[in-house]
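Written out below as C-alpha cells is the structure these notes cover.
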Amino acid sequence: MDQSYEFLSFVLDAITESIVVIDPLGEIKYVNRSWSQFGQSNSGTDTSITSNAQNACQTWIGMNYLDVCDNAAAMGDEFGSVAGKGIRGVISEGEDTFYFEYPCHSPNEKRWFTMRVTPLHLECLNYFVISHQDITDRKLAEEKVMSLAKMDGLINIPNRRAFDEFLADEWQRCTRLKKPISLAIIDIDHFKTLNDTYGHQKGDECLIALGTLFQTYVKRPSDLCARYGGEEFILVWGDTLMSHSLKLMNDLLQKIDSLKIPNSDDISNYLTVSIGLTEITPTTSMSEVDIIAQADRMLYEAKRTGRNKVVY
Ligand SMILES: Nc1nc2c(ncn2[C@@H]2O[C@H](COP(=O)(O)OP(=O)(O)OP(=O)(O)O)[C@@H](O)[C@H]2O)c(=O)[nH]1
C-alpha cells in the first residue's frame with residue numbers, strides 16, 4: 001500500500017497546495033483535489049489565471065495550461081502573462097524554478113497565491129510541476145503592518161512617511177495635468193509652554209484634538225492631512241488654488257480661536273497656530289521638495305512676524 005499509486009494519490013489529494021503537472025507543451029497531465037476545488041471556487045467573476053482556467057474548461061486533464069495563461073493575458077490579466085513567461089522559462093530555457101506571488105481577489109474577499117514551477121524528469125520524459133499555495137493570511141498581515149507603518153500612533157492620522165508618498169504621487173499627477181497644488185504647514189505656537197504648564201498628557205490630548213480638526217479640512221482623494229513632526233502638521237490639496245486653501249486656513253484659525261484651549265504666552269491666553277501656505281503648479285523642472293520649502297519659508301515668516309496667522 002505504501003508505495004502504491006493509490007496511496008500517493010491520496011497523499012497528494014490530502015495536501016493543501018494545489019498541484020498541476022504539465023508536459024513540455026503545457027498539456028495538463030495531472031491535477032490534485034485541492035487544485036480542482038480551488039478552480040471550482042474561482043469560477044466566474046475575477047480575472048486571475050486560475051479563474052480563467054476554470055472558465056475555459058471544467059475538466060482539467062488534457063487542457064493546455066499555457067493556453068490558459070495566454071488567454072488570460074489576452075484578456076488583460078497581467079498575472080497570466082507573467083505566469084506564461086515564467087513557465088516557458090523553466091520549460092525551454094532550462095531555468096531551475098519559477099516562483100511568483102499573485103493576487104486573486106474575488107468580489108467578496110482579498111486573496112493571494114504563490115505559483116512555483118519545478119521540472120520533473122520521469123522515465124525519460126519531462127514534466128513540470130506547478131504548485132499554488134494560498135498566502136492570504138500572510139499578505140493581509142503584511143498589509144496591516146504597512147498601513148500601521150503609515151499612521152501616526154498618537155493621533156491616528158497619516159504620518160510623514162505616508163505624506164511623502166502621497167505628495168510624490170499627487171505632484172506627478174498635477175504635473176501631468178498642469179494643475180495647481182496647495183500646501184500648508186501648521187505649527188502650534190508655544191506648545192512647549194502648554195506642555196510645561198499643563199503636563200505632557202494634556203499636550204497629547206491637545207494634539208489629538210487639533211489633528212482631528214485639521215483632518216476635517218481635507219475631503220477629496222487628492223487631499224491629505226498628516227502629522228509632519230512633533231507639533232507640526234501638513235495639509236495638501238491637489239488641483240486647488242490658494243484662493244480656496246487660504247479661505248480654509250482662515251476658517252481654521254477662527255475655529256482654533258473658538259476652541260479656547262488655555263495656553264498663556266505672549267500672544268494670548270489661548271492656544272494659537274502659525275500657518276505657512278503656498279501654491280505651485282508643478283512642472284518637470286521642479287520637485288515636491290520645492291513646495292515644502294516654500295511653505296516652510298512662509299511658516300517661518302508667520303512665526304517671525306508674531307504667530308497666530310497664515311502667511312502665504
Ligand atoms: N505632549 C506632547 N508634546 C510633544 C509631542 N511632540 C512634540 N512635543 C513637544 O512640542 C514642543 C515643541 O517645542 P518647540 O519646538 O520649542 O516649539 P514651541 O514651543 O511650539 O514654539 P514655537 O514653535 O516657536 O511657537 C516640545 O516641548 C516637545 O516636547 C507629543 O507627541 N506630545
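Every chain in the C-alpha cells has a letter given in the order shown (A, B, ...), and although residue numbers restart at 1 in each chain, ligands are simply numbered from 1 in the order shown.
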
Kindly assemble as a tab-separated table a list of the chain A residues that lie within 7 Å of ligand 1, each paired with its nearest atom pair and their distance in Å to one decimal, using only C-alpha atoms and all ligand atoms, sorted first by chain and then by ascending residue number.
residue	atom	partner	partner_atom_place_in_ligand_line	distance
A:Asp187	CA	ligand 1	23 (O)	6.1
A:Ile188	CA	ligand 1	20 (O)	5.2
A:Asp189	CA	ligand 1	25 (O)	3.4
A:His190	CA	ligand 1	19 (O)	3.5
A:Phe191	CA	ligand 1	20 (O)	3.6
A:Lys192	CA	ligand 1	27 (O)	3.6
A:Thr193	CA	ligand 1	19 (O)	5.9
A:Asn195	CA	ligand 1	1 (N)	5.8
A:His200	CA	ligand 1	1 (N)	4.1
A:Gln201	CA	ligand 1	1 (N)	5.9
A:Lys202	CA	ligand 1	1 (N)	6.6
A:Gly203	CA	ligand 1	1 (N)	3.6
A:Asp204	CA	ligand 1	1 (N)	4.1
A:Leu207	CA	ligand 1	32 (N)	6.8
A:Gly230	CA	ligand 1	6 (N)	3.4
A:Glu231	CA	ligand 1	7 (C)	5.2
A:Lys303	CA	ligand 1	24 (O)	6.8

Requested write-out: N, CA and C atoms of the selected residues, as a short mmCIF file (atom, residue, chain, number, x, y, z; two decimals), in the first residue's frame:
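Generated output (result_9.cif):
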data_model
loop_
_atom_site.label_atom_id
_atom_site.label_comp_id
_atom_site.auth_asym_id
_atom_site.auth_seq_id
_atom_site.Cartn_x
_atom_site.Cartn_y
_atom_site.Cartn_z
N ASP A 187 2.03 74.90 12.46
CA ASP A 187 2.86 74.65 13.65
C ASP A 187 2.17 75.28 14.85
N ILE A 188 2.02 74.49 15.92
CA ILE A 188 1.36 75.03 17.12
C ILE A 188 2.30 76.03 17.79
N ASP A 189 1.73 77.15 18.19
CA ASP A 189 2.56 78.19 18.83
C ASP A 189 2.80 77.85 20.30
N HIS A 190 4.05 78.03 20.71
CA HIS A 190 4.43 77.85 22.12
C HIS A 190 3.84 76.58 22.73
N PHE A 191 3.99 75.51 22.02
CA PHE A 191 3.44 74.25 22.52
C PHE A 191 4.23 73.75 23.73
N LYS A 192 5.48 74.13 23.79
CA LYS A 192 6.32 73.76 24.94
C LYS A 192 5.73 74.35 26.23
N THR A 193 5.22 75.58 26.09
CA THR A 193 4.62 76.24 27.26
C THR A 193 3.41 75.44 27.75
N ASN A 195 2.84 72.24 27.32
CA ASN A 195 3.34 71.01 27.96
C ASN A 195 3.86 71.30 29.37
N HIS A 200 2.43 66.76 29.94
CA HIS A 200 2.54 66.10 28.64
C HIS A 200 1.22 65.44 28.22
N GLN A 201 0.51 64.90 29.21
CA GLN A 201 -0.77 64.23 28.92
C GLN A 201 -1.76 65.21 28.28
N LYS A 202 -1.86 66.40 28.85
CA LYS A 202 -2.74 67.44 28.28
C LYS A 202 -2.25 67.82 26.89
N GLY A 203 -0.91 67.87 26.76
CA GLY A 203 -0.32 68.18 25.45
C GLY A 203 -0.75 67.16 24.41
N ASP A 204 -0.72 65.89 24.80
CA ASP A 204 -1.15 64.82 23.88
C ASP A 204 -2.62 65.01 23.49
N LEU A 207 -2.95 67.67 20.97
CA LEU A 207 -2.50 67.25 19.63
C LEU A 207 -3.59 66.43 18.95
N GLY A 230 6.66 66.67 15.59
CA GLY A 230 6.09 66.71 16.94
C GLY A 230 4.80 67.51 16.99
N GLU A 231 4.88 68.84 16.81
CA GLU A 231 3.68 69.68 16.89
C GLU A 231 3.49 70.42 15.57
N LYS A 303 5.88 82.90 12.02
CA LYS A 303 6.43 82.86 13.39
C LYS A 303 7.16 84.16 13.69
#

With a cut-off of 10 Å, could you pull out the residues of stretch 92-181 of chain A touching stretch 67-87 of chain A and give me the nearest pair of atoms for each, distance in Å to one decimal, using only C-alpha atoms, ordered by chain and ascending number, as a tab-separated table?
residue	atom	partner	partner_atom	distance
A:Ser92	CA	A:Ile87	CA	8.6
A:Glu93	CA	A:Ile87	CA	9.7
A:Glu95	CA	A:Gly86	CA	9.1
A:Thr97	CA	A:Ile87	CA	8.6
A:Phe98	CA	A:Gly86	CA	5.8
A:Tyr99	CA	A:Gly86	CA	7.8
A:Phe100	CA	A:Ala83	CA	8.0
A:Glu101	CA	A:Phe79	CA	9.1
A:Tyr102	CA	A:Phe79	CA	6.7
A:Pro103	CA	A:Phe79	CA	8.3
A:Cys104	CA	A:Phe79	CA	9.4
A:Met115	CA	A:Ala83	CA	8.0
A:Arg116	CA	A:Ile87	CA	9.0
A:Val117	CA	A:Ile87	CA	6.5
A:Thr118	CA	A:Ile87	CA	9.0
A:Pro119	CA	A:Ile87	CA	9.9
A:Phe128	CA	A:Ile87	CA	8.5
A:Val129	CA	A:Ile87	CA	9.9
A:Ile130	CA	A:Ile87	CA	8.5

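Among A:Lys178, A:His244, A:Arg304, A:Arg111, the residue with the shortest atom-to-atom distance to A:Lys139, counting only C-alpha atoms, is A:Arg111.
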
Nearby residues (only C-alpha atoms) at most 6 Å from A:Lys150, same-chain spacing under 6 positions excluded, as a PyMOL selection string = chain A and resi 158-159+162

Do you know which residues are at most 10 Å from A:Leu252 counting only C-alpha atoms, after dropping those on the same chain fewer than 6 positions away, and could you put them as a compact mmCIF listing (two decimals) with C-alpha atoms, in the first residue's frame?
# COMPACT_ATOMS: atom_id res chain seq x y z
CA LEU A 213 -9.83 69.15 13.49
CA PHE A 214 -7.18 69.59 10.75
CA THR A 216 -11.82 67.94 8.53
CA TYR A 217 -10.15 70.33 6.05
CA LEU A 246 -6.50 80.38 2.09
CA SER A 258 -13.21 79.38 19.33
CA VAL A 273 -1.17 78.15 15.47
CA ILE A 275 0.47 78.54 9.13
CA VAL A 310 -1.46 82.47 7.86

Residues flagged helix (DSSP H, G or I) by DSSP in stretch 67-294 of chain A, as JSON, numbers by chain | {"A": [67, 68, 69, 70, 71, 72, 73, 74, 78, 79, 80, 81, 82, 83, 84, 85, 86, 87, 88, 89, 90, 91, 92, 136, 137, 138, 139, 140, 141, 142, 143, 144, 145, 146, 147, 148, 149, 160, 161, 162, 163, 164, 165, 166, 167, 168, 169, 170, 171, 172, 173, 174, 175, 176, 177, 191, 192, 193, 194, 195, 196, 197, 198, 200, 201, 202, 203, 204, 205, 206, 207, 208, 209, 210, 211, 212, 213, 214, 215, 242, 243, 244, 245, 246, 247, 248, 249, 250, 251, 252, 253, 254, 255, 256, 257, 258, 259, 288, 289, 290, 291, 292, 293, 294]}

Smallest atom-to-atom distance to A:Asn269: which of A:Asp257, A:Gly153, A:Pro107, A:Asn64, using only C-alpha atoms?
-> A:Asp257

Can you list every residue of stretch 116-211 of chain A that has an atom at most 9 Å from stretch 7-27 of chain A, with its nearest atom pair and the distance in Å to one decimal, using only C-alpha atoms, ordered by chain then number, as a tab-separated table?
residue	atom	partner	partner_atom	distance
A:Leu120	CA	A:Val21	CA	9.0
A:Leu125	CA	A:Asp23	CA	8.4
A:Asn126	CA	A:Asp23	CA	6.5
A:Tyr127	CA	A:Asp23	CA	4.7
A:Phe128	CA	A:Ile22	CA	5.3
A:Val129	CA	A:Val21	CA	4.5
A:Ile130	CA	A:Val20	CA	5.1
A:Ser131	CA	A:Ile19	CA	4.5
A:His132	CA	A:Ser18	CA	5.0
A:Gln133	CA	A:Glu17	CA	5.0
A:Asp134	CA	A:Glu17	CA	7.6

What does the distance from atom CA of A:Thr272 to atom CA of A:Ala226 come to in Å, to one decimal?
-> 18.6 Å

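The shortest atom-to-atom distance to A:Ile28, with only C-alpha atoms taken into account, belongs to A:Tyr65 out of A:Tyr65, A:Tyr198, A:Phe233, A:Tyr312.
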
DSSP strand (DSSP E) residues within stretch 37-283 of chain A, as a compact mmCIF listing (two decimals) with N, CA and C atoms, in the first residue's frame:
# COMPACT_ATOMS: atom_id res chain seq x y z
N PHE A 98 10.61 28.56 -11.16
CA PHE A 98 9.99 29.87 -11.33
C PHE A 98 9.03 30.05 -10.17
N TYR A 99 9.09 31.25 -9.54
CA TYR A 99 8.24 31.49 -8.37
C TYR A 99 7.67 32.89 -8.46
N PHE A 100 6.40 33.05 -8.22
CA PHE A 100 5.88 34.40 -8.06
C PHE A 100 4.61 34.41 -7.21
N GLU A 101 4.28 35.59 -6.73
CA GLU A 101 3.10 35.75 -5.88
C GLU A 101 2.10 36.62 -6.63
N TYR A 102 0.85 36.23 -6.59
CA TYR A 102 -0.13 37.00 -7.35
C TYR A 102 -1.45 37.14 -6.60
N PRO A 103 -2.12 38.28 -6.81
CA PRO A 103 -3.43 38.44 -6.20
C PRO A 103 -4.49 37.70 -6.99
N TRP A 112 -4.45 35.98 -2.08
CA TRP A 112 -3.20 35.94 -2.82
C TRP A 112 -2.70 34.50 -2.85
N PHE A 113 -1.96 34.18 -3.89
CA PHE A 113 -1.39 32.84 -4.03
C PHE A 113 0.05 32.93 -4.51
N THR A 114 0.77 31.84 -4.28
CA THR A 114 2.09 31.72 -4.91
C THR A 114 1.97 30.70 -6.02
N MET A 115 2.85 30.84 -6.99
CA MET A 115 2.99 29.80 -8.02
C MET A 115 4.46 29.40 -8.05
N ARG A 116 4.72 28.10 -8.00
CA ARG A 116 6.09 27.62 -8.11
C ARG A 116 6.13 26.55 -9.20
N VAL A 117 7.05 26.68 -10.13
CA VAL A 117 7.17 25.72 -11.22
C VAL A 117 8.50 24.99 -11.07
N THR A 118 8.45 23.64 -11.05
CA THR A 118 9.69 22.85 -10.91
C THR A 118 9.71 21.74 -11.95
N PRO A 119 10.85 21.51 -12.58
CA PRO A 119 10.92 20.42 -13.57
C PRO A 119 10.90 19.04 -12.88
N LEU A 120 10.33 18.08 -13.59
CA LEU A 120 10.28 16.71 -13.06
C LEU A 120 10.64 15.77 -14.21
N HIS A 121 11.75 15.03 -14.05
CA HIS A 121 12.18 14.12 -15.11
C HIS A 121 11.78 12.72 -14.69
N LEU A 122 10.94 12.07 -15.50
CA LEU A 122 10.40 10.77 -15.09
C LEU A 122 10.36 9.84 -16.29
N LEU A 125 10.92 11.14 -19.64
CA LEU A 125 10.00 12.21 -20.09
C LEU A 125 10.13 13.41 -19.16
N ASN A 126 9.92 14.58 -19.73
CA ASN A 126 9.99 15.81 -18.93
C ASN A 126 8.58 16.27 -18.56
N TYR A 127 8.41 16.56 -17.29
CA TYR A 127 7.16 17.15 -16.83
C TYR A 127 7.51 18.39 -16.00
N PHE A 128 6.47 19.15 -15.70
CA PHE A 128 6.69 20.36 -14.89
C PHE A 128 5.57 20.44 -13.86
N VAL A 129 6.00 20.52 -12.61
CA VAL A 129 5.04 20.56 -11.52
C VAL A 129 4.77 22.03 -11.17
N ILE A 130 3.50 22.41 -11.26
CA ILE A 130 3.12 23.79 -10.92
C ILE A 130 2.31 23.72 -9.63
N SER A 131 2.85 24.29 -8.56
CA SER A 131 2.10 24.24 -7.30
C SER A 131 1.70 25.65 -6.88
N HIS A 132 0.50 25.74 -6.34
CA HIS A 132 -0.06 27.03 -5.90
C HIS A 132 -0.35 26.94 -4.41
N GLN A 133 -0.02 27.99 -3.68
CA GLN A 133 -0.27 27.98 -2.24
C GLN A 133 -1.00 29.26 -1.85
N ASP A 134 -1.97 29.12 -0.98
CA ASP A 134 -2.73 30.28 -0.50
C ASP A 134 -1.89 31.03 0.55
N ILE A 181 -1.18 72.86 -6.95
CA ILE A 181 -1.26 72.16 -5.66
C ILE A 181 -1.14 73.21 -4.56
N SER A 182 -2.02 73.14 -3.58
CA SER A 182 -1.87 74.00 -2.40
C SER A 182 -1.32 73.16 -1.27
N LEU A 183 -0.45 73.78 -0.47
CA LEU A 183 0.14 73.04 0.65
C LEU A 183 0.31 73.98 1.85
N ALA A 184 -0.08 73.49 3.02
CA ALA A 184 0.05 74.30 4.24
C ALA A 184 0.82 73.52 5.31
N ILE A 185 1.74 74.20 5.98
CA ILE A 185 2.38 73.61 7.16
C ILE A 185 1.85 74.38 8.37
N ILE A 186 1.32 73.63 9.33
CA ILE A 186 0.73 74.25 10.53
C ILE A 186 1.60 73.88 11.73
N ASP A 187 2.03 74.90 12.46
CA ASP A 187 2.86 74.65 13.65
C ASP A 187 2.17 75.28 14.85
N ILE A 188 2.02 74.49 15.92
CA ILE A 188 1.36 75.03 17.12
C ILE A 188 2.30 76.03 17.79
N ASP A 223 -6.58 65.07 -1.51
CA ASP A 223 -6.14 65.87 -0.36
C ASP A 223 -5.60 64.95 0.73
N LEU A 224 -4.73 65.48 1.56
CA LEU A 224 -4.26 64.68 2.71
C LEU A 224 -3.80 65.61 3.82
N CYS A 225 -4.09 65.16 5.05
CA CYS A 225 -3.59 65.85 6.25
C CYS A 225 -2.73 64.85 7.00
N ALA A 226 -1.53 65.26 7.43
CA ALA A 226 -0.64 64.33 8.14
C ALA A 226 0.04 65.05 9.29
N ARG A 227 0.47 64.25 10.25
CA ARG A 227 1.33 64.81 11.30
C ARG A 227 2.75 64.79 10.72
N GLU A 232 3.87 69.72 14.52
CA GLU A 232 3.77 70.29 13.17
C GLU A 232 2.90 69.37 12.30
N PHE A 233 1.99 69.98 11.55
CA PHE A 233 1.08 69.22 10.69
C PHE A 233 1.21 69.76 9.27
N ILE A 234 0.83 68.95 8.30
CA ILE A 234 0.94 69.38 6.91
C ILE A 234 -0.33 68.97 6.17
N LEU A 235 -0.83 69.88 5.33
CA LEU A 235 -2.04 69.60 4.57
C LEU A 235 -1.75 69.86 3.10
N VAL A 236 -2.19 68.97 2.25
CA VAL A 236 -2.03 69.20 0.82
C VAL A 236 -3.37 69.02 0.13
N TRP A 237 -3.61 69.88 -0.85
CA TRP A 237 -4.85 69.80 -1.65
C TRP A 237 -4.43 69.80 -3.12
N VAL A 273 -2.08 78.84 16.41
CA VAL A 273 -1.17 78.15 15.47
C VAL A 273 -0.68 79.16 14.44
N SER A 274 0.49 78.84 13.85
CA SER A 274 1.01 79.61 12.71
C SER A 274 0.97 78.72 11.49
N ILE A 275 0.64 79.34 10.35
CA ILE A 275 0.47 78.54 9.13
C ILE A 275 1.27 79.16 7.98
N GLY A 276 2.06 78.33 7.31
CA GLY A 276 2.72 78.74 6.07
C GLY A 276 1.98 78.09 4.92
N LEU A 277 1.49 78.90 3.99
CA LEU A 277 0.65 78.36 2.91
C LEU A 277 1.25 78.75 1.56
N THR A 278 1.20 77.81 0.63
CA THR A 278 1.72 78.13 -0.70
C THR A 278 0.97 77.34 -1.77
N GLU A 279 1.17 77.79 -3.01
CA GLU A 279 0.55 77.08 -4.15
C GLU A 279 1.57 77.02 -5.27
N ILE A 280 1.69 75.85 -5.88
CA ILE A 280 2.60 75.71 -7.04
C ILE A 280 1.89 74.89 -8.10

What does the distance from atom CA of A:Asp169 to atom CA of A:Gly238 come to in Å, to one decimal?
->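 Spanning atom CA of A:Asp169 to atom CA of A:Gly238 is a straight-line distance of 10.2 Å.
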
Could you state the separation of atom CA of A:Arg88 and atom CA of A:Trp35 in Å, given to one decimal place?
-> 20.6 Å
